[in-house]
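A short write-up of the structure that comes next.
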Amino acid sequence: MRRLIPHPGLSVMLVIVWLLMANNVTFGGLFVGIVIGILLPIFTAPFWPSRPDVNYRAGIAYLGLVLWDIVVANFQVAAIILFKRNRDLKPHWLVIPMELETPEAITVLAGTISLTPGTVSTDVSACGRYLLVHALDTPDPQAEIARIKSRYEARLRRVFE
């Protein structure tokens with residue numbers, strides 16, 4: 001079964017993305033999506049020799065948390081834009097030490113931070129142990145670093161066990 005579907009999460013995601021792009025759920029569209037979802041991971045599997053194991057249950061919980069945080073952050077940024085003067089903003093560059101080791105987990109963390117309004121990840125250190133993040137308004141940079149580590153990084157370690 002592992003040879004037929006080497007990366008099940010990618011296969012499911014490809015089928016869903018195909019159906020979303022087709023904007024119509026038909027038998028033919030579902031069939032083409034399944035074919036793409038099976039063939040593409042088979043052909044790309046040699047390029048991912050050491051892919052990490054993914055805990056999908058923890059991944060779905062993480063996705064729910066990130067979606068919630070995006071909604072909340074949109075309101076927070078809107079409040080900052082509408083009610084705070086520029087001189088009252090406290091932007092900071094945050095250097096976040098990471099315990100994540102796989103490139104996939106680091107990429108998901110950087111993407112999560114960039115998707116959440118008010119923060120953007122800009123660089124990963126050459127050694128791969130630090131992430132540089134810009135925060136729009138952070139009165140306490142150390143508390144923001146601790147929040148990112150506990151809220152996102154700790155959960156990502158469970159996703160990419």
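Letters A, B, ... mark the chains of the structure tokens in the order given; residue numbers begin at 1 per chain; ligand numbers begin at 1, in order shown.
Residues of segment 79-149 of chain A that DSSP, applied to the backbone, places in alpha helix (DSSP H): Ala79, Ile80, Ile81, Leu82, Phe83, Pro103, Glu104, Ala105, Ile106, Thr107, Val108, Leu109, Ala110, Gly111, Thr112, Ile113, Ser114, Leu115, Pro141, Gln142, Ala143, Glu144, Ile145, Ala146, Arg147 and Ile148 of chain A.
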So that each row is one residue of segment 31-57 of chain A with an atom at most 10 Å from segment 85-103 of chain A, can you give its shortest atom pair and the distance in Å to one decimal, using only C-alpha atoms, rows by chain and rising number, as a tab-separated table?
```
residue	atom	partner	partner_atom	distance
A:Ser50	CA	A:Thr102	CA	9.4
A:Arg51	CA	A:Thr102	CA	8.5
A:Pro52	CA	A:Thr102	CA	7.3
```
Can you build me a table of segment 26-100 of chain A residues sitting at most 8 Å from segment 7-22 of chain A, with the closest atom pair per residue and its distance in Å to one decimal, using only C-alpha atoms, sorted by chain and residue number, as a Markdown table?
```
| residue | atom | partner | partner_atom | distance |
| --- | --- | --- | --- | --- |
| A:Gly29 | CA | A:Leu19 | CA | 6.7 |
| A:Leu30 | CA | A:Leu19 | CA | 6.8 |
| A:Gly33 | CA | A:Val15 | CA | 4.5 |
| A:Ile34 | CA | A:Val15 | CA | 5.7 |
| A:Ile36 | CA | A:Leu14 | CA | 7.1 |
| A:Gly37 | CA | A:Ser11 | CA | 4.2 |
| A:Ile38 | CA | A:Ser11 | CA | 6.0 |
| A:Leu40 | CA | A:Ser11 | CA | 8.0 |
| A:Pro41 | CA | A:His7 | CA | 6.2 |
| A:Ala45 | CA | A:His7 | CA | 7.8 |
| A:Tyr56 | CA | A:Gly9 | CA | 7.8 |
```
Selected residues, C-alpha atoms, written as a JSON list (two decimals), in the first residue's frame, please.
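selection.json was written with the following content:
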```json
[["chain", "number", "residue", "atom", "x", "y", "z"],
["A", 29, "GLY", "CA", -13.59, 15.34, -11.95],
["A", 30, "LEU", "CA", -13.25, 13.10, -8.89],
["A", 33, "GLY", "CA", -8.38, 14.10, -9.04],
["A", 34, "ILE", "CA", -7.79, 10.59, -7.69],
["A", 36, "ILE", "CA", -3.50, 12.90, -10.04],
["A", 37, "GLY", "CA", -3.51, 12.23, -6.29],
["A", 38, "ILE", "CA", -2.03, 8.78, -6.85],
["A", 40, "LEU", "CA", 1.98, 12.67, -8.63],
["A", 41, "PRO", "CA", 3.20, 11.37, -5.24],
["A", 45, "ALA", "CA", 8.56, 10.13, -3.99],
["A", 56, "TYR", "CA", -2.66, 13.64, 10.73]]
```
request  = Kindly indicate which residue among A:Asp69, A:Lys84, A:Pro6, A:Ala78 lies nearest to Trp48 of chain A, using only C-alpha atoms for the distances.
outcome  = A:Pro6
Distance criterion (only C-alpha atoms): nearest to Thr107 of chain A out of A:Glu144, A:Glu153, A:Asp53, A:Glu161 =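 Of A:Glu144, A:Glu153, A:Asp53, A:Glu161, the one nearest Thr107 of chain A is A:Glu153, counting only C-alpha atoms.
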key: Interatomic distance (Å, one decimal) between atom CA of Leu115 of chain A and atom CA of Trp68 of chain A   =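 Separation of atom CA of Leu115 of chain A and atom CA of Trp68 of chain A: 11.6 Å.
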